[in-house]
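One file, model-v3.txt, is given below (compact mmCIF, C-alpha atoms).
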# COMPACT_ATOMS: atom_id res chain seq x y z
CA ILE A 282 29.40 10.58 53.13
CA SER A 283 25.77 10.64 54.26
CA HIS A 284 24.62 8.93 51.05
CA CYS A 285 27.05 6.05 51.60
CA ALA A 286 25.88 5.79 55.20
CA ASN A 287 22.24 5.61 54.07
CA LEU A 288 23.11 2.81 51.66
CA ASN A 289 25.28 1.06 54.23
CA VAL A 290 28.21 1.22 51.82
CA PRO A 291 31.70 1.62 53.34
CA LEU A 292 33.47 4.81 52.25
CA ILE A 293 37.27 4.92 52.11
CA ARG A 294 38.87 8.27 51.41
CA GLY A 295 42.38 9.33 50.47
CA ALA A 296 44.15 12.58 49.63
CA ALA A 297 47.41 13.66 48.06
CA LYS A 298 49.84 15.69 50.10
CA PRO A 299 50.02 19.47 49.52
CA ASN A 300 51.66 20.30 46.16
CA GLN A 301 52.38 16.59 45.53
CA ILE A 302 50.43 16.42 42.27
CA ARG A 303 51.82 19.67 40.87
CA GLU A 304 55.40 18.73 41.71
CA THR A 305 54.97 15.26 40.25
CA ALA A 306 53.55 16.70 37.03
CA GLN A 307 56.53 19.01 36.67
CA SER A 308 59.17 16.38 37.44
CA SER A 309 57.55 13.77 35.16
CA ARG A 310 56.82 16.26 32.36
CA ILE A 311 53.14 15.42 32.22
CA GLY A 312 49.96 17.42 32.77
CA THR A 313 48.48 18.03 36.19
CA GLU A 314 45.40 16.02 35.24
CA ALA A 315 47.54 13.03 34.22
CA ALA A 316 49.48 13.15 37.48
CA ALA A 317 46.26 13.38 39.51
CA ARG A 318 44.82 10.45 37.56
CA TRP A 319 47.88 8.32 38.32
CA TYR A 320 47.64 8.98 42.05
CA ARG A 321 43.87 8.41 42.01
CA HIS A 322 44.13 5.11 40.16
CA SER A 323 46.99 3.94 42.39
CA PHE A 324 44.88 4.68 45.47
CA LEU A 325 41.92 2.81 43.99
CA GLU A 326 44.02 -0.22 43.07
CA VAL A 327 45.56 -0.48 46.56
CA THR A 328 42.15 -0.03 48.18
CA ALA A 329 40.57 -2.66 45.92
CA VAL A 330 43.20 -5.20 46.92
CA ASP A 331 42.73 -4.37 50.62
CA GLN A 332 38.95 -4.76 50.29
CA GLY A 333 39.09 -7.90 48.15
CA CYS A 334 37.50 -6.21 45.11
CA ARG A 335 38.07 -7.79 41.71
CA TYR A 336 37.02 -4.78 39.63
CA ILE A 337 37.03 -0.98 39.99
CA ALA A 338 34.10 0.74 38.26
CA LEU A 339 34.82 4.25 36.99
CA GLY A 340 32.16 6.78 36.05
CA HIS A 341 33.34 7.87 32.59
CA ASN A 342 30.47 8.55 30.21
CA LEU A 343 30.07 9.15 26.48
CA GLY A 344 30.97 12.81 26.87
CA ASP A 345 34.30 11.91 28.49
CA ASP A 346 35.13 9.65 25.55
CA THR A 347 34.26 12.41 23.07
CA GLU A 348 36.45 14.94 24.86
CA THR A 349 39.32 12.46 25.08
CA MET A 350 39.27 11.63 21.37
CA ILE A 351 39.14 15.30 20.34
CA GLN A 352 41.97 16.17 22.72
CA ARG A 353 44.14 13.31 21.47
CA PHE A 354 43.44 14.19 17.84
CA PHE A 355 44.69 17.76 18.26
CA GLN A 356 47.68 16.55 20.27
CA GLY A 357 48.76 14.30 17.40
CA SER A 358 47.97 10.94 18.94
CA GLY A 359 48.34 7.71 16.98
CA PRO A 360 46.02 4.69 16.65
CA THR A 361 46.26 3.77 20.35
CA GLY A 362 45.03 7.17 21.48
CA LEU A 363 42.39 7.54 18.77
CA ARG A 364 40.69 4.33 19.91
CA GLY A 365 39.19 6.43 22.66
CA ILE A 366 38.75 5.31 26.26
CA ASP A 367 38.74 1.56 26.85
CA VAL A 368 35.52 0.12 28.25
CA SER A 369 37.57 -2.40 30.18
CA ARG A 370 41.21 -2.54 31.17
CA PRO A 371 41.28 -4.71 34.30
CA PRO A 372 40.97 -4.02 37.08
CA PHE A 373 39.20 -0.91 35.76
CA ILE A 374 35.83 -1.10 34.03
CA ARG A 375 33.64 1.72 32.70
CA PRO A 376 30.02 0.54 32.61
CA LEU A 377 28.64 4.01 31.70
CA LEU A 378 31.02 4.78 28.84
CA ARG A 379 28.37 4.47 26.11
CA VAL A 380 25.77 6.46 28.11
CA SER A 381 25.44 10.23 27.71
CA ARG A 382 25.70 12.63 30.64
CA LYS A 383 22.17 13.84 29.85
CA THR A 384 20.75 10.33 30.19
CA ILE A 385 22.60 9.75 33.46
CA LEU A 386 21.31 13.01 34.99
CA GLU A 387 17.74 12.29 33.88
CA PHE A 388 17.96 8.87 35.51
CA LEU A 389 19.22 10.32 38.80
CA GLU A 390 16.71 13.15 38.90
CA LYS A 391 13.76 10.91 38.09
CA ARG A 392 14.65 8.66 41.01
CA GLU A 393 15.67 11.56 43.25
CA ILE A 394 19.15 10.15 43.73
CA PRO A 395 21.59 12.80 45.02
CA TYR A 396 24.79 13.45 43.11
CA ALA A 397 27.72 15.84 43.28
CA THR A 398 29.24 18.02 40.58
CA ASP A 399 32.95 18.78 40.61
CA SER A 400 33.27 22.57 40.88
CA SER A 401 36.47 22.49 38.80
CA ASN A 402 34.48 21.27 35.76
CA SER A 403 33.61 24.90 34.94
CA ASP A 404 37.24 26.05 34.96
CA THR A 405 38.12 26.47 31.28
CA ARG A 406 41.79 26.91 32.14
CA ILE A 407 41.75 23.11 32.32
CA LEU A 408 42.10 21.78 28.78
CA ARG A 409 39.35 19.15 28.97
CA ASN A 410 36.89 21.73 30.29
CA ALA A 411 37.80 24.14 27.50
CA ILE A 412 37.16 21.39 24.95
CA ARG A 413 33.75 20.65 26.49
CA THR A 414 32.71 24.29 26.87
CA ASN A 415 34.18 25.93 23.77
CA LEU A 416 35.27 23.45 21.14
CA ILE A 417 32.55 20.78 21.15
CA PRO A 418 29.66 23.26 20.73
CA SER A 419 31.49 24.78 17.75
CA ILE A 420 32.09 21.37 16.17
CA THR A 421 28.45 20.41 16.78
CA ARG A 422 27.19 23.46 14.87
CA THR A 423 29.21 22.45 11.80
CA PHE A 424 29.05 18.64 12.15
CA PRO A 425 25.88 17.81 14.12
CA GLY A 426 26.44 14.05 13.82
CA PHE A 427 30.17 14.08 14.49
CA ARG A 428 29.88 11.57 17.36
CA ALA A 429 28.92 8.83 14.90
CA GLY A 430 32.04 9.67 12.92
CA LEU A 431 34.15 9.36 16.05
CA ASP A 432 32.69 5.92 16.68
CA VAL A 433 33.73 4.80 13.19
CA LEU A 434 37.18 6.30 13.66
CA ALA A 435 37.61 4.55 17.02
CA GLU A 436 36.60 1.21 15.50
CA LYS A 437 39.08 1.58 12.65
CA MET A 438 41.89 2.73 14.95
CA GLU A 439 41.31 -0.24 17.24
CA MET A 440 41.87 -2.59 14.29
CA VAL A 441 44.99 -0.67 13.21
CA ASP A 442 46.35 -0.56 16.74
CA ARG A 443 45.78 -4.28 17.28
CA PHE A 444 47.50 -5.12 13.97
CA ILE A 445 50.54 -2.94 14.76
CA SER A 446 50.82 -4.35 18.28
CA ASP A 447 50.57 -7.96 17.07
CA GLU A 448 53.14 -7.40 14.33
CA ALA A 449 55.53 -5.63 16.69
CA SER A 450 55.31 -8.44 19.24
CA LYS A 451 56.18 -10.97 16.50
CA ARG A 452 58.95 -9.05 14.72
CA LEU A 453 60.31 -6.91 17.57
CA PRO A 454 59.66 -8.81 20.81
CA VAL A 455 60.58 -6.91 23.95
CA ARG A 456 62.59 -8.94 26.46
CA PHE A 457 62.14 -7.59 29.97
CA ASP A 458 64.52 -8.28 32.87
CA PRO A 459 62.62 -7.58 36.11
CA THR A 460 65.71 -8.04 38.28
CA ARG A 461 67.40 -5.07 36.60
CA ASN A 462 64.24 -3.31 35.43
CA GLU A 463 65.54 -3.15 31.86
CA ALA A 464 63.95 -3.99 28.52
CA PHE A 465 65.83 -5.17 25.44
CA ILE A 466 65.07 -5.12 21.70
CA SER A 467 67.24 -6.94 19.16
CA LYS A 468 69.22 -4.47 17.01
CA ILE A 469 69.06 -6.74 13.98
CA ALA A 470 65.29 -7.06 14.20
CA TYR A 471 65.02 -3.32 14.86
CA ASP A 472 67.00 -2.36 11.77
CA VAL A 473 64.85 -4.43 9.37
CA ALA A 474 61.50 -3.38 10.89
CA PRO A 475 59.45 -0.44 9.56
CA PRO A 476 59.35 2.75 11.68
CA ILE A 477 55.81 2.17 12.99
CA LEU A 478 56.81 -1.20 14.49
CA ARG A 479 59.96 0.33 15.97
CA LEU A 480 57.80 2.99 17.63
CA SER A 481 55.37 0.40 18.98
CA ALA A 482 58.15 -1.73 20.45
CA LEU A 483 59.87 1.24 22.08
CA MET A 484 56.63 2.45 23.66
CA ASP A 485 55.92 -1.07 24.92
CA ALA A 486 59.39 -1.27 26.46
CA CYS A 487 59.00 2.14 28.14
CA ASN A 488 55.64 1.09 29.58
CA GLN A 489 57.08 -2.13 31.00
CA VAL A 490 59.98 -0.34 32.67
CA THR A 491 57.87 2.39 34.26
CA ALA A 492 55.14 -0.07 35.29
CA HIS A 493 57.67 -2.33 37.02
CA ALA A 494 59.16 0.65 38.86
CA LYS A 495 55.61 1.65 39.91
CA ARG A 496 56.29 5.20 38.84
CA ILE A 497 54.10 7.56 36.88
CA PRO A 498 54.22 6.43 33.22
CA THR A 499 56.92 8.35 31.36
CA ARG A 500 57.10 8.20 27.61
CA PHE A 501 59.51 9.68 25.14
CA PRO A 502 57.72 12.37 23.10
CA TYR A 503 57.29 11.44 19.44
CA LYS A 504 59.46 14.39 18.42
CA ALA A 505 62.30 12.88 20.44
CA LEU A 506 61.77 9.42 18.96
CA ARG A 507 61.28 10.54 15.35
CA THR A 508 64.96 10.49 14.38
CA LEU A 509 65.60 7.22 16.21
CA ILE A 510 62.77 5.27 14.57
CA ASN A 511 63.58 6.55 11.08
CA LYS A 512 67.16 5.33 10.86
CA GLU A 513 69.02 2.04 11.06
CA LEU A 514 71.35 1.65 14.02
CA GLY A 515 73.92 -0.36 12.10
CA ALA A 516 76.81 -2.36 13.51
CA SER A 517 78.44 -0.94 16.61
CA THR A 518 80.36 -2.49 19.46
CA ASN A 519 80.20 0.65 21.57
CA ASN A 520 77.72 1.09 24.39
CA ARG A 521 76.23 4.54 24.08
CA THR A 522 73.15 6.44 25.14
CA LEU A 523 70.86 7.37 22.27
CA LEU A 524 68.17 9.22 24.14
CA SER A 525 67.23 10.09 27.71
CA ILE A 526 64.36 11.96 29.24
CA GLY A 527 63.25 12.11 32.87
CA PRO A 528 63.90 8.73 34.52
CA LEU A 529 64.15 6.76 31.24
CA GLU A 530 67.06 6.07 28.92
CA ILE A 531 67.49 4.31 25.59
CA ALA A 532 71.00 2.97 25.01
CA GLN A 533 72.67 0.94 22.26
CA SER A 534 74.92 -2.04 22.80
CA GLU A 535 76.47 -4.48 20.35
CA ARG A 536 73.34 -6.58 19.90
CA ALA A 537 70.43 -4.74 21.44
CA LEU A 538 68.63 -1.58 22.30
CA ARG A 539 68.33 -1.24 26.06
CA ILE A 540 65.54 0.73 27.69
CA ARG A 541 66.08 1.26 31.38
CA SER A 542 65.16 3.40 34.33
CA ARG A 543 67.88 5.75 35.49
CA VAL A 544 66.30 5.83 38.94
CA VAL A 545 68.47 3.88 41.39
CA PHE A 546 67.00 5.31 44.59
CA ASP A 547 63.39 6.29 45.01
CA SER A 548 61.74 7.87 48.02
CA GLU A 549 58.45 9.60 48.62
CA ASN A 550 59.88 13.06 48.00
CA SER A 551 62.76 12.51 45.58
CA TYR A 552 64.67 10.16 43.34
CA LEU A 553 68.31 9.75 42.33
CA LEU A 554 69.39 9.49 38.69
CA VAL A 555 72.51 7.91 37.26
CA VAL A 556 74.30 10.62 35.24

Target encoding structure tokens, full file:
Amino acid sequence: ISHCANLNVPLIRGAAKPNQIRETAQSSRIGTEAAARWYRHSFLEVTAVDQGCRYIALGHNLGDDTETMIQRFFQGSGPTGLRGIDVSRPPFIRPLLRVSRKTILEFLEKREIPYATDSSNSDTRILRNAIRTNLIPSITRTFPGFRAGLDVLAEKMEMVDRFISDEASKRLPVRFDPTRNEAFISKIAYDVAPPILRLSALMDACNQVTAHAKRIPTRFPYKALRTLINKELGASTNNRTLLSIGPLEIAQSERALRIRSRVVFDSENSYLLVV
């Protein structure tokens, strides 16, 4: 607070309600860190609009990118996740992403610029902290130059991810209906597409539905989608639900796959599902 005052920079603060993040993580089936990130980013986006800011600069550095890629690798992520953290995804930008933590600290100390360290960073019960404290030092002893390898991997995965996304948008376009908050994929196109394009289209549809509802992103786990993307749906005139998890549902109609939100009433403390 005092540093902002010395620089004559306005400081706007916000806080989640007690237990809000933990309860959201449980109800949305995501990690506590992911839930906290969603609330934090939502607060920043609203504040940026109120203040007339075009971009929001985040402080991620090279170490954050390394931890993210290692975590996603062991969690079985695909090309999108193994690209690492995006330098820019408007309105968010990350100007320090290619700079190491060591370089940043040396810069601050040389110029006697005060900084704060999050006390939770030393808590190895948090997965990212455990990766930084335990796993990365072990990897470094065996593969001292592993960061260069991660850079190559990220570059390759970005090309793969872009190709898959472009192909999916051509062969399996997602039609989104904002008035009903539903996304549709042609069954005929779905049946003739390879599994990787089916997966890409389904994830895109899920993202559009959750983004429109302004809820925490909910995705179907790959294990849940595996059977669905590896089989043809075939001809059917019956409307039936193929898969549901949390507030999302994938259903089959005569001509299309329908991805929709089951949330019909949403309040600050609860939501109602159609069962």

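Take the candidates A:Arg539, A:Arg406, A:Lys298, A:Arg364 and check each one against Phe465 of chain A using all atoms listed in the file; the shortest distance goes to A:Arg539.
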
For this session: For Lys512 of chain A, please output as a list of chain:residue names all residues within 10 Å (counting all atoms listed in the file; exclusion window: fewer than 5 positions along the same chain).
Result: A:Tyr471, A:Asp472, A:Pro475, A:Pro476, A:Arg507

Seminar exercise, completed: Min atom-atom distance to Leu506 of chain A from the set A:Arg353, A:Arg479, A:His341, A:His493, counting all atoms listed in the file, belongs to A:Arg479

Exercise. Looking at all atoms listed in the file, which of A:Phe373, A:Phe444, A:Phe501, A:Phe424 is the one that sits closest to Leu339 of chain A?
Worked result: A:Phe373

Seminar exercise, completed: If you count only C-alpha atoms, the residue of A:Cys285, A:Ile351, A:Ile311, A:Arg543 closest to Thr522 of chain A turns out to be A:Arg543

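Take atom CA of Ser467 of chain A and atom CA of Arg536 of chain A: the distance between them is 6.2 Å.
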
For this session: Excluding segment 484-490 of chain A and residues on its chain fewer than 4 positions from it, collect all residues at most 12 Å away from it, counting only C-alpha atoms, and give them as a PyMOL selection string.
Result: chain A and resi 359+361+445-447+449-450+453-466+477-480+494-503+506+510+525-531+538-544
